[in-house]
Amino acid sequence: MSSLSPRGNQQPQPGFIVSPPSTAQEAADNQEFTHDGKRCLLPLDRPLKFGRIATQADVPGSIEDALLRLKTNRLLEYNQPVYISPMAKPNLQASDNSALPLMDKVGNFLEGTGLVMLILGDSGAGKSTFNRRLEHRLWQEYQPGGRIPLFINLPALDRPDKEMIVEQLKTADFTEEHIRDLKQRHQFLLICDGYDESQLTSNLHTTNLLNRPGQWNVKLLVTCRTQYLGPDYRDRFAPKAIGQYHCSANNLFQEAVIAPFSKEQIELYVEKFVPLIPRPWVKKDYMNKLAAIPNLMDLVRNPFLLTLALEALPSVVKGRSDFSRLKITRVELYDTFVYNWLEANKRRLQDQTLKDKRQAFEDLLTDGFVHNGIVFQKDLAEAIFQEQDGRPIVEYSNRRDRSSWKARFFGFKPEKTFLRDASLLSRTGNQYRFIHRSVLEYFLSCSVWDAAMDDNEFAPQVYSEATGVSLPVADHPLSKRRLVSEPSVIQFLAERAQMQPIFKKYLLSLIELSKSDPQASMAAANAITILVRAERHFNGADL
């Protein structure tokens, strides 16, 4: 899971989880917890054995200077105020009860003979968070001549299937001479994050020629969302046997699947979450609500959803007393979190001296700042799927891209700047992305239907005998791509259909339209998929 703190030039936003500069908090940040609430030893007290393949005297000083700069920068960039050490089971079929600390599993991988380790997990399970924690810990323990931890955000690379190490090192300002020397004399641990988000299907170990004679000497750790893979996924990751590129060396491959949070882990997370900023509730208030609202404790076993729930709960339960009859869904948590986020940013901007940009901001206020913020992010999510096939990172150069679709979102017009800075986006240099993949998917689902469309005269319509109104079906959001490959988007829309009867009626009208208009077939297929997920039965229906 990506950190919620914005990156690059953005300032921490109101309501965001930011770490206060206190000694007590810094100490807390370096604690890890097991599933039963026991504190693990601090990283420096229990080092991962990383091995050495060169002595300090053997290493050219210029390379170690460059590595020191990389180490310093990466340690300074690390910011994870709330961290609970995840548990992991050995494979997808294993029971959650078989889970062991993931950090221990990675430690065994580093000490063993394996070359590739795959870490699987649902969206929001904490894969990226763990990767950054692992990298931070290994840089803390790094000694000259040791194995080099290299974090690679796969979606940020142009060709991760070819020369991904060279491309990553160049972004860190290593020279060609440094790169040649590192390739010849050093070992790496490649921490490759976001295999699914980069839309990859190739075997990175094979296509990058890793561990071949004269090539990079590495151990490869890759993370991927569980939902992205089919039944034969191991072939995408297992290294090939030497001299037998068609055969996998399964003895050199291992995997781990991140398990959902236990109740003890949830309680520890809440304990660390509450002191970060002033809040109206204490730990007991949060835990009581999580326990009292039906099925909510199961929903928040996902770390990212837990974070959203803790931010949104005070607003969701406001004015309600009978929590046993309250039902909260994932989409409702996102709705509330997004609304609160945009409201907080509106207040932040109202308190600033905007000078010559004041009129642009006032225009947004008049038209509805929160509404425009939601529309901006819906349109951006739709464009990312339309123009980049869902690849989450958008690179924008005003000189190169001012005439492209990207300028609509990342240009320098004051209105766009306000909306962009208030959105759930992070920035690294000229690269922008939503703070989490699920946020991108949420806004794509909102392009089909969002909370504001319930009983809204401006909600999209399609022609049917029932509605008597029309919209060119080719322009319909559900006609632009098959959603069967986007299970998270389908889940958001299915929950929306359960909450909003008018949306369910709307989907049924699409199905009805497909009987007379062949162009409606894709939209109808998507509508059926959503309704089936929403547990709408079609037995005996004329589809």
# chains A, B, ... in the order shown; residues from 1 in each chain; ligands from 1
call {"tool": "select_by_dssp", "arguments": {"residues": "region 319-486 of chain A", "states": "strand (DSSP E or B)", "output": "JSON, numbers by chain"}}
result
{"A": [394, 395, 425, 426, 427, 428, 431, 432, 433, 434]}
call {"tool": "select_by_dssp", "arguments": {"residues": "region 222-413 of chain A", "states": "helix (DSSP H, G or I)", "output": "count of residues only"}}
result
117
call {"tool": "residues_around", "arguments": {"residues": "Phe109 (chain A)", "least_positions_apart": "4", "cutoff": "12 Å", "atoms": "only C-alpha atoms", "output": "JSON list (two decimals) with N, CA and C atoms, in the first residue's frame"}}
result
[["chain", "number", "residue", "atom", "x", "y", "z"],
["A", 48, "LEU", "N", 18.88, -8.59, 9.19],
["A", 48, "LEU", "CA", 18.77, -9.60, 8.15],
["A", 48, "LEU", "C", 20.16, -9.88, 7.62],
["A", 49, "LYS", "N", 20.51, -11.13, 7.50],
["A", 49, "LYS", "CA", 21.83, -11.47, 7.00],
["A", 49, "LYS", "C", 21.86, -11.25, 5.50],
["A", 50, "PHE", "N", 22.73, -10.36, 5.08],
["A", 50, "PHE", "CA", 22.70, -9.91, 3.70],
["A", 50, "PHE", "C", 23.89, -10.40, 2.90],
["A", 102, "LEU", "N", 6.00, -11.98, 7.68],
["A", 102, "LEU", "CA", 6.53, -11.87, 6.32],
["A", 102, "LEU", "C", 8.00, -11.48, 6.33],
["A", 103, "MET", "N", 8.40, -10.61, 7.26],
["A", 103, "MET", "CA", 9.80, -10.20, 7.32],
["A", 103, "MET", "C", 10.71, -11.40, 7.57],
["A", 104, "ASP", "N", 10.25, -12.35, 8.38],
["A", 104, "ASP", "CA", 11.04, -13.56, 8.62],
["A", 104, "ASP", "C", 11.15, -14.39, 7.35],
["A", 105, "LYS", "N", 10.07, -14.48, 6.59],
["A", 105, "LYS", "CA", 10.10, -15.24, 5.34],
["A", 105, "LYS", "C", 11.09, -14.62, 4.36],
["A", 113, "THR", "N", 19.20, -20.14, -0.96],
["A", 113, "THR", "CA", 19.72, -20.23, -2.33],
["A", 113, "THR", "C", 18.71, -19.77, -3.38],
["A", 114, "GLY", "N", 17.50, -19.43, -2.96],
["A", 114, "GLY", "CA", 16.47, -19.01, -3.90],
["A", 114, "GLY", "C", 16.84, -17.72, -4.62],
["A", 115, "LEU", "N", 16.32, -17.56, -5.83],
["A", 115, "LEU", "CA", 16.62, -16.37, -6.64],
["A", 115, "LEU", "C", 15.43, -15.43, -6.78],
["A", 116, "VAL", "N", 14.22, -15.96, -6.74],
["A", 116, "VAL", "CA", 13.03, -15.13, -6.94],
["A", 116, "VAL", "C", 12.02, -15.42, -5.84],
["A", 117, "MET", "N", 11.47, -14.34, -5.27],
["A", 117, "MET", "CA", 10.38, -14.46, -4.30],
["A", 117, "MET", "C", 9.23, -13.58, -4.75],
["A", 118, "LEU", "N", 8.05, -14.16, -4.81],
["A", 118, "LEU", "CA", 6.83, -13.45, -5.19],
["A", 118, "LEU", "C", 5.99, -13.22, -3.95],
["A", 119, "ILE", "N", 5.58, -11.97, -3.72],
["A", 119, "ILE", "CA", 4.69, -11.63, -2.62],
["A", 119, "ILE", "C", 3.36, -11.20, -3.21],
["A", 189, "LEU", "N", 19.68, -6.86, -4.18],
["A", 189, "LEU", "CA", 18.32, -7.34, -3.96],
["A", 189, "LEU", "C", 17.41, -6.35, -4.68],
["A", 219, "LYS", "N", 19.13, -11.16, -6.28],
["A", 219, "LYS", "CA", 17.93, -11.82, -5.79],
["A", 219, "LYS", "C", 16.77, -10.89, -6.14],
["A", 220, "LEU", "N", 15.68, -11.47, -6.61],
["A", 220, "LEU", "CA", 14.56, -10.67, -7.12],
["A", 220, "LEU", "C", 13.32, -10.91, -6.27],
["A", 221, "LEU", "N", 12.79, -9.82, -5.70],
["A", 221, "LEU", "CA", 11.54, -9.87, -4.94],
["A", 221, "LEU", "C", 10.50, -9.05, -5.70],
["A", 251, "ASN", "N", 12.84, -24.89, -7.71],
["A", 251, "ASN", "CA", 13.57, -24.93, -6.45],
["A", 251, "ASN", "C", 14.21, -23.59, -6.11],
["A", 252, "LEU", "N", 14.29, -22.69, -7.08],
["A", 252, "LEU", "CA", 14.86, -21.36, -6.86],
["A", 252, "LEU", "C", 13.78, -20.29, -6.71],
["A", 253, "PHE", "N", 12.52, -20.74, -6.60],
["A", 253, "PHE", "CA", 11.38, -19.81, -6.52],
["A", 253, "PHE", "C", 10.57, -20.09, -5.27],
["A", 254, "GLN", "N", 10.13, -19.03, -4.61],
["A", 254, "GLN", "CA", 9.22, -19.19, -3.49],
["A", 254, "GLN", "C", 8.22, -18.04, -3.49],
["A", 255, "GLU", "N", 7.11, -18.24, -2.79],
["A", 255, "GLU", "CA", 6.08, -17.21, -2.75],
["A", 255, "GLU", "C", 5.53, -17.07, -1.34],
["A", 256, "ALA", "N", 4.86, -15.96, -1.12],
["A", 256, "ALA", "CA", 4.18, -15.70, 0.14],
["A", 256, "ALA", "C", 2.94, -14.87, -0.18]]
call {"tool": "atom_distance", "arguments": {"atom1": "CA of Gln199 (chain A)", "atom2": "CA of Leu440 (chain A)"}}
result
14.8 Å
call {"tool": "atom_distance", "arguments": {"atom1": "CA of Gly126 (chain A)", "atom2": "CA of Thr223 (chain A)"}}
result
10.2 Å
call {"tool": "atom_distance", "arguments": {"atom1": "CA of Arg408 (chain A)", "atom2": "CA of Gly429 (chain A)"}}
result
18.4 Å
call {"tool": "residues_around", "arguments": {"residues": "Ala259 (chain A)", "least_positions_apart": "4", "cutoff": "8 Å", "atoms": "only C-alpha atoms", "output": "JSON list (two decimals) with C-alpha atoms, in the first residue's frame"}}
result
[["chain", "number", "residue", "atom", "x", "y", "z"],
["A", 86, "PRO", "CA", 2.33, -8.19, 8.09],
["A", 87, "MET", "CA", 1.82, -11.91, 8.34],
["A", 88, "ALA", "CA", 1.97, -14.15, 5.28],
["A", 89, "LYS", "CA", 0.93, -17.68, 4.40],
["A", 96, "ASP", "CA", -4.75, -17.81, 7.30],
["A", 99, "ALA", "CA", 0.62, -17.32, 8.44],
["A", 121, "GLY", "CA", -1.79, -9.74, -1.69],
["A", 125, "ALA", "CA", -3.06, -5.47, 1.77]]
call {"tool": "closest_residue", "arguments": {"among": "A:Val82, A:Leu100, A:Leu305, A:Val489", "to": "Val270 (chain A)", "atoms": "only C-alpha atoms"}}
result
A:Val82
call {"tool": "residues_around", "arguments": {"residues": "Lys416 (chain A)", "least_positions_apart": "5", "cutoff": "12 Å", "atoms": "only C-alpha atoms", "output": "PyMOL selection string"}}
result
chain A and resi 357+360-361+364+369+372-373+375-377+380+406-411+421-423
call {"tool": "write_last_selection", "arguments": {"atoms": "C-alpha atoms", "output": "short mmCIF file (atom, residue, chain, number, x, y, z; two decimals), in the first residue's frame"}}
result
data_model
loop_
_atom_site.label_atom_id
_atom_site.label_comp_id
_atom_site.auth_asym_id
_atom_site.auth_seq_id
_atom_site.Cartn_x
_atom_site.Cartn_y
_atom_site.Cartn_z
CA LYS A 357 -5.53 33.36 -8.38
CA ALA A 360 -10.31 31.30 -10.11
CA PHE A 361 -10.77 29.81 -6.65
CA LEU A 364 -14.75 26.96 -8.14
CA PHE A 369 -15.51 22.95 -5.04
CA ASN A 372 -15.56 19.88 -9.25
CA GLY A 373 -12.88 17.97 -7.34
CA VAL A 375 -15.44 15.41 -11.49
CA PHE A 376 -11.74 16.21 -12.03
CA GLN A 377 -10.66 12.89 -10.52
CA LEU A 380 -8.65 11.69 -14.87
CA LYS A 406 -2.56 15.22 -20.19
CA ALA A 407 -2.66 19.03 -20.31
CA ARG A 408 -6.34 18.92 -19.39
CA PHE A 409 -5.31 17.69 -15.94
CA PHE A 410 -1.69 18.76 -15.44
CA GLY A 411 -1.49 22.10 -17.24
CA ASP A 421 -3.45 19.91 -5.60
CA ALA A 422 -6.67 19.10 -3.74
CA SER A 423 -6.97 15.65 -5.29
#
call {"tool": "closest_residue", "arguments": {"among": "A:Ile435, A:Ile277, A:Leu209, A:Ile191", "to": "Ala241 (chain A)", "atoms": "only C-alpha atoms"}}
result
A:Leu209
call {"tool": "closest_residue", "arguments": {"among": "A:Lys355, A:Glu535, A:Ala156, A:Leu483", "to": "Asn430 (chain A)", "atoms": "only C-alpha atoms"}}
result
A:Ala156
call {"tool": "closest_residue", "arguments": {"among": "A:Ala523, A:Ile530, A:Lys504, A:Arg358", "to": "Asp475 (chain A)", "atoms": "only C-alpha atoms"}}
result
A:Ala523
call {"tool": "closest_residue", "arguments": {"among": "A:Cys446, A:Ile258, A:Val370, A:Leu210", "to": "Pro239 (chain A)", "atoms": "only C-alpha atoms"}}
result
A:Leu210
call {"tool": "residues_around", "arguments": {"residues": "region 323-331 of chain A", "least_positions_apart": "4", "cutoff": "6 Å", "atoms": "only C-alpha atoms", "output": "ChimeraX atom specification"}}
result
/A:292-293,492
call {"tool": "decode", "arguments": {"residues": "region 474-512 of chain A", "atoms": "N, CA and C atoms", "output": "compact mmCIF listing (two decimals), in the first residue's frame"}}
result
# COMPACT_ATOMS: atom_id res chain seq x y z
N ALA A 474 -22.78 4.25 -27.65
CA ALA A 474 -21.33 4.17 -27.86
C ALA A 474 -20.58 5.11 -26.93
N ASP A 475 -21.25 6.18 -26.47
CA ASP A 475 -20.61 7.14 -25.56
C ASP A 475 -20.76 6.76 -24.10
N HIS A 476 -21.46 5.68 -23.85
CA HIS A 476 -21.71 5.29 -22.46
C HIS A 476 -20.42 4.77 -21.81
N PRO A 477 -20.15 5.12 -20.55
CA PRO A 477 -18.92 4.65 -19.89
C PRO A 477 -18.77 3.13 -19.89
N LEU A 478 -19.88 2.41 -19.80
CA LEU A 478 -19.81 0.95 -19.78
C LEU A 478 -19.58 0.35 -21.16
N SER A 479 -19.58 1.19 -22.20
CA SER A 479 -19.32 0.70 -23.56
C SER A 479 -17.85 0.81 -23.95
N LYS A 480 -17.02 1.33 -23.07
CA LYS A 480 -15.65 1.65 -23.46
C LYS A 480 -14.64 0.55 -23.14
N ARG A 481 -14.95 -0.35 -22.21
CA ARG A 481 -14.04 -1.45 -21.91
C ARG A 481 -14.80 -2.52 -21.13
N ARG A 482 -14.34 -3.74 -21.27
CA ARG A 482 -14.94 -4.84 -20.52
C ARG A 482 -14.38 -4.83 -19.10
N LEU A 483 -15.27 -4.78 -18.15
CA LEU A 483 -14.86 -4.64 -16.75
C LEU A 483 -14.56 -5.97 -16.07
N VAL A 484 -14.75 -7.08 -16.79
CA VAL A 484 -14.52 -8.37 -16.16
C VAL A 484 -13.07 -8.51 -15.69
N SER A 485 -12.15 -7.76 -16.32
CA SER A 485 -10.74 -7.80 -15.91
C SER A 485 -10.43 -6.78 -14.82
N GLU A 486 -11.45 -6.06 -14.35
CA GLU A 486 -11.27 -5.06 -13.29
C GLU A 486 -12.20 -5.40 -12.12
N PRO A 487 -11.89 -6.46 -11.37
CA PRO A 487 -12.81 -6.91 -10.31
C PRO A 487 -13.06 -5.87 -9.23
N SER A 488 -12.07 -5.03 -8.95
CA SER A 488 -12.27 -4.01 -7.92
C SER A 488 -13.30 -2.97 -8.37
N VAL A 489 -13.27 -2.59 -9.65
CA VAL A 489 -14.25 -1.64 -10.18
C VAL A 489 -15.65 -2.25 -10.13
N ILE A 490 -15.75 -3.52 -10.50
CA ILE A 490 -17.04 -4.21 -10.46
C ILE A 490 -17.58 -4.23 -9.03
N GLN A 491 -16.70 -4.48 -8.06
CA GLN A 491 -17.15 -4.53 -6.67
C GLN A 491 -17.69 -3.18 -6.20
N PHE A 492 -16.99 -2.10 -6.55
CA PHE A 492 -17.50 -0.77 -6.21
C PHE A 492 -18.90 -0.56 -6.79
N LEU A 493 -19.08 -0.90 -8.07
CA LEU A 493 -20.36 -0.68 -8.73
C LEU A 493 -21.44 -1.61 -8.20
N ALA A 494 -21.07 -2.83 -7.84
CA ALA A 494 -22.05 -3.76 -7.27
C ALA A 494 -22.57 -3.24 -5.93
N GLU A 495 -21.66 -2.71 -5.12
CA GLU A 495 -22.10 -2.13 -3.84
C GLU A 495 -22.97 -0.91 -4.08
N ARG A 496 -22.64 -0.14 -5.11
CA ARG A 496 -23.46 1.03 -5.45
C ARG A 496 -24.87 0.58 -5.86
N ALA A 497 -24.96 -0.50 -6.62
CA ALA A 497 -26.26 -1.01 -7.05
C ALA A 497 -27.09 -1.49 -5.86
N GLN A 498 -26.42 -2.07 -4.86
CA GLN A 498 -27.13 -2.51 -3.66
C GLN A 498 -27.64 -1.33 -2.84
N MET A 499 -26.88 -0.24 -2.85
CA MET A 499 -27.24 0.94 -2.05
C MET A 499 -28.26 1.84 -2.74
N GLN A 500 -28.21 1.91 -4.07
CA GLN A 500 -29.01 2.88 -4.81
C GLN A 500 -29.90 2.18 -5.83
N PRO A 501 -31.18 1.99 -5.52
CA PRO A 501 -32.10 1.28 -6.43
C PRO A 501 -32.17 1.91 -7.82
N ILE A 502 -32.01 3.23 -7.92
CA ILE A 502 -32.09 3.87 -9.23
C ILE A 502 -30.95 3.42 -10.14
N PHE A 503 -29.78 3.11 -9.55
CA PHE A 503 -28.66 2.62 -10.35
C PHE A 503 -28.95 1.21 -10.84
N LYS A 504 -29.56 0.39 -10.00
CA LYS A 504 -29.93 -0.96 -10.42
C LYS A 504 -30.92 -0.89 -11.59
N LYS A 505 -31.90 0.01 -11.49
CA LYS A 505 -32.87 0.19 -12.58
C LYS A 505 -32.17 0.65 -13.85
N TYR A 506 -31.20 1.51 -13.67
CA TYR A 506 -30.41 2.03 -14.80
C TYR A 506 -29.66 0.91 -15.52
N LEU A 507 -29.07 -0.01 -14.77
CA LEU A 507 -28.36 -1.14 -15.36
C LEU A 507 -29.32 -2.06 -16.10
N LEU A 508 -30.49 -2.27 -15.53
CA LEU A 508 -31.48 -3.11 -16.20
C LEU A 508 -31.94 -2.49 -17.51
N SER A 509 -32.02 -1.15 -17.56
CA SER A 509 -32.42 -0.50 -18.81
C SER A 509 -31.36 -0.68 -19.89
N LEU A 510 -30.09 -0.76 -19.50
CA LEU A 510 -29.03 -1.05 -20.47
C LEU A 510 -29.20 -2.45 -21.07
N ILE A 511 -29.53 -3.40 -20.21
CA ILE A 511 -29.75 -4.77 -20.68
C ILE A 511 -30.94 -4.81 -21.64
N GLU A 512 -32.00 -4.09 -21.29
CA GLU A 512 -33.18 -4.02 -22.15
C GLU A 512 -32.84 -3.41 -23.50
